[in-house]
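What follows is a set of notes on a single structure, which appears directly below.
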Amino acid sequence: MPDRCEVDSLPRMDPKPASASVTSMNELVLPSDSNALGTAFGGRVLQWIDICAAIAAQRHCRSRVVTASMDAVHFHAPIRVGMVASLEARVQATFTRSLELSVKVHSENPVSGERRHCCSALLTFTALNERFEPTEVPPLRLDTEDDRSRQTAAEARRAARLRHRVESLDA
Ligand SMILES: CC(C)(COP(=O)(O)OP(=O)(O)OC[C@H]1O[C@@H](n2cnc3c(N)ncnc32)[C@H](O)[C@@H]1OP(=O)(O)O)[C@@H](O)C(=O)NCCC(=O)NCCS
């Protein structure tokens, strides 16, 4: 019996395009999400980033995933109460048992429609099998030159991340 994913009925390990798992998420920023300045807490924005990326990672892998790491996040602009935090997650690259995703966050004024880039993040997820052990991820289908250069750039970042993983144990 081939190992098939339930949703798209492809064999689970066939290469998949990034477009198949792109995930959009919108959150209305409420007072309970905010700090004393009336803008979204950084921690809340990180939570939304993690959730959005996890959904995209699961859509790609069709398996359980866990966040292995999140790269440094720089907040360029605040998201005020009453604005919509609009997130989009996309698979950047796949490795053997892990994959890198990007999440872009915009603040959207729901009345005027004006959008402003607030932050971007890169996260790595590890796919887990039914015994909660790391397991292979389906490769990303690299159709264009852009797809291939994103994969190459992510491989360099992965090497740096794994070095940092070891160093952070002693921090
Ligand atoms: C992430 C985790 C599953 C890795 O397990 P492990 O037994 O150390 O497994 P390995 O070292 O064999 O790594 C498995 C894969 O994860 C990747 N990985 C592990 N730690 C990583 C890190 N800090 N950053 C990036 N990738 C990482 C490895 O490169 C490998 O992927 P690859 O095969 O594509 O190279 C494990 O450390 C864990 O469960 N961490 C806690 C996760 C968690 O609770 N997250 C928050 C809530 S979801």
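Here, A, B, ... name the chains of the structure tokens in the order displayed, residue numbers run from 1 inside each chain, and ligands are numbered from 1 in the same displayed order.
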
Do you have, as JSON lines, the list of residues of region 81-119 of chain A lying at most 12 Å from region 152-167 of chain A, each with its nearest atom pair and that distance in Å to one decimal, counting only C-alpha atoms and ordered by chain then number?
```
{"residue": "A:Val91", "atom": "CA", "partner": "A:Ala154", "partner_atom": "CA", "distance": 10.5}
{"residue": "A:Gln92", "atom": "CA", "partner": "A:Ala154", "partner_atom": "CA", "distance": 7.1}
{"residue": "A:Ala93", "atom": "CA", "partner": "A:Ala154", "partner_atom": "CA", "distance": 6.2}
{"residue": "A:Thr94", "atom": "CA", "partner": "A:Ala154", "partner_atom": "CA", "distance": 8.6}
{"residue": "A:Phe95", "atom": "CA", "partner": "A:Glu155", "partner_atom": "CA", "distance": 7.9}
{"residue": "A:Thr96", "atom": "CA", "partner": "A:Glu155", "partner_atom": "CA", "distance": 11.2}
{"residue": "A:Ser98", "atom": "CA", "partner": "A:Arg158", "partner_atom": "CA", "distance": 9.9}
{"residue": "A:Leu99", "atom": "CA", "partner": "A:Ala154", "partner_atom": "CA", "distance": 9.3}
{"residue": "A:Glu100", "atom": "CA", "partner": "A:Ala154", "partner_atom": "CA", "distance": 7.1}
{"residue": "A:Leu101", "atom": "CA", "partner": "A:Ala154", "partner_atom": "CA", "distance": 9.4}
{"residue": "A:Ser102", "atom": "CA", "partner": "A:Ala154", "partner_atom": "CA", "distance": 10.4}
```

Could the residues in this selection be written to a file with N, CA and C atoms, as a PDB file, in the first residue's frame?
```pdb
ATOM      1  N   VAL A  91       6.918  27.641   2.227  1.00  0.00           N
ATOM      2  CA  VAL A  91       8.098  26.767   2.328  1.00  0.00           C
ATOM      3  C   VAL A  91       9.192  27.348   1.444  1.00  0.00           C
ATOM      4  N   GLN A  92      10.368  27.572   2.039  1.00  0.00           N
ATOM      5  CA  GLN A  92      11.514  28.106   1.285  1.00  0.00           C
ATOM      6  C   GLN A  92      12.385  26.993   0.743  1.00  0.00           C
ATOM      7  N   ALA A  93      12.520  25.934   1.567  1.00  0.00           N
ATOM      8  CA  ALA A  93      13.443  24.868   1.206  1.00  0.00           C
ATOM      9  C   ALA A  93      13.132  23.638   2.044  1.00  0.00           C
ATOM     10  N   THR A  94      13.476  22.480   1.487  1.00  0.00           N
ATOM     11  CA  THR A  94      13.360  21.251   2.274  1.00  0.00           C
ATOM     12  C   THR A  94      14.750  20.643   2.408  1.00  0.00           C
ATOM     13  N   PHE A  95      14.972  19.982   3.536  1.00  0.00           N
ATOM     14  CA  PHE A  95      16.232  19.280   3.763  1.00  0.00           C
ATOM     15  C   PHE A  95      15.878  17.791   3.840  1.00  0.00           C
ATOM     16  N   THR A  96      16.419  17.036   4.817  1.00  0.00           N
ATOM     17  CA  THR A  96      16.068  15.605   4.842  1.00  0.00           C
ATOM     18  C   THR A  96      14.852  15.352   5.730  1.00  0.00           C
ATOM     19  N   SER A  98      13.743  17.979   7.792  1.00  0.00           N
ATOM     20  CA  SER A  98      13.328  19.315   8.239  1.00  0.00           C
ATOM     21  C   SER A  98      13.107  20.205   7.025  1.00  0.00           C
ATOM     22  N   LEU A  99      12.459  21.321   7.275  1.00  0.00           N
ATOM     23  CA  LEU A  99      12.196  22.268   6.197  1.00  0.00           C
ATOM     24  C   LEU A  99      12.207  23.678   6.745  1.00  0.00           C
ATOM     25  N   GLU A 100      12.568  24.625   5.877  1.00  0.00           N
ATOM     26  CA  GLU A 100      12.600  26.041   6.271  1.00  0.00           C
ATOM     27  C   GLU A 100      11.394  26.753   5.665  1.00  0.00           C
ATOM     28  N   LEU A 101      10.765  27.584   6.496  1.00  0.00           N
ATOM     29  CA  LEU A 101       9.630  28.386   6.022  1.00  0.00           C
ATOM     30  C   LEU A 101       9.879  29.847   6.325  1.00  0.00           C
ATOM     31  N   SER A 102       9.337  30.704   5.472  1.00  0.00           N
ATOM     32  CA  SER A 102       9.368  32.139   5.758  1.00  0.00           C
ATOM     33  C   SER A 102       7.954  32.564   6.123  1.00  0.00           C
TER      34      SER A 102
END
```

**Message:** Which residues are close to Asn129 (chain A), i.e. within 8 Å by only C-alpha atoms, leaving aside same-chain residues fewer than 3 positions away? Reply as a ChimeraX atom specification.
**Reply:** /A:63-64,132-135

**Prompt:** Which of region 32-112 of chain A counts as alpha helix (DSSP H) under DSSP, as a list in words please?
**Reply:**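 The alpha helix (DSSP H) residues within region 32-112 of chain A come out as Gly42, Gly43, Arg44, Val45, Leu46, Gln47, Trp48, Ile49, Asp50, Ile51, Cys52, Ala53, Ala54, Ile55, Ala56, Ala57, Gln58, Arg59, His60 and Cys61 of chain A.
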
**Asked** How many Å lie between CA of Arg141 (chain A) and CA of Cys52 (chain A), rounded to one decimal?
**Response**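 Interatomic distance, CA of Arg141 (chain A) to CA of Cys52 (chain A): 21.0 Å.
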
**Request:** Go through A:Glu88, A:Asp71, A:Glu136, A:Glu27 one by one, measure the shortest atom-to-atom distance of each to Met13 (chain A) using only C-alpha atoms, and give the residue with the smallest value.
**Result:**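 Counting only C-alpha atoms, the residue closest to Met13 (chain A) is A:Glu136.
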
**Message:** Under the rule that only C-alpha atoms are counted, which of A:Thr126, A:Thr39, A:Thr23, A:Ser32 is the nearest residue to Ala68 (chain A)?
**Reply:**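 Closest candidate: A:Thr126.
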
**Request:** Could you tell me which of A:Glu108, A:Ser149, A:Phe125, A:Leu169 comes closest to ligand 1 if we count only C-alpha atoms and all ligand atoms?
**Result:** A:Phe125

**Message:** My list of candidates is A:Gln47, A:Ser21, A:Asn35, A:Ser120. Which is closest to ligand 1 when distances are computed with only C-alpha atoms and all ligand atoms?
**Reply:**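 Among the listed residues, A:Gln47 lies closest to ligand 1.
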
**Asked** Which is closer to Asp146 (chain A) than all the others in A:Phe41, A:Ala18, A:Arg59, A:Ala85, using only C-alpha atoms?
**Response** A:Ala18

**Length of the CA of Val84 (chain A) to CA of Thr67 (chain A) vector [Å]** =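 Interatomic distance, CA of Val84 (chain A) to CA of Thr67 (chain A): 24.7 Å.
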
**Message:** I want to know what sits within 10 Å of Cys118 (chain A), based on only C-alpha atoms, with residues of the same chain fewer than 4 positions away left out; could you give that as a ChimeraX atom specification?
**Reply:** /A:45,74-79,85-86,104-108

**Message:** If you run DSSP on the backbone here, which positions in chain A get strand (DSSP E)? Please write them as a VMD selection string.
**Reply:** chain A and resid 23 to 28 64 to 70 84 to 94 98 to 108 115 to 128
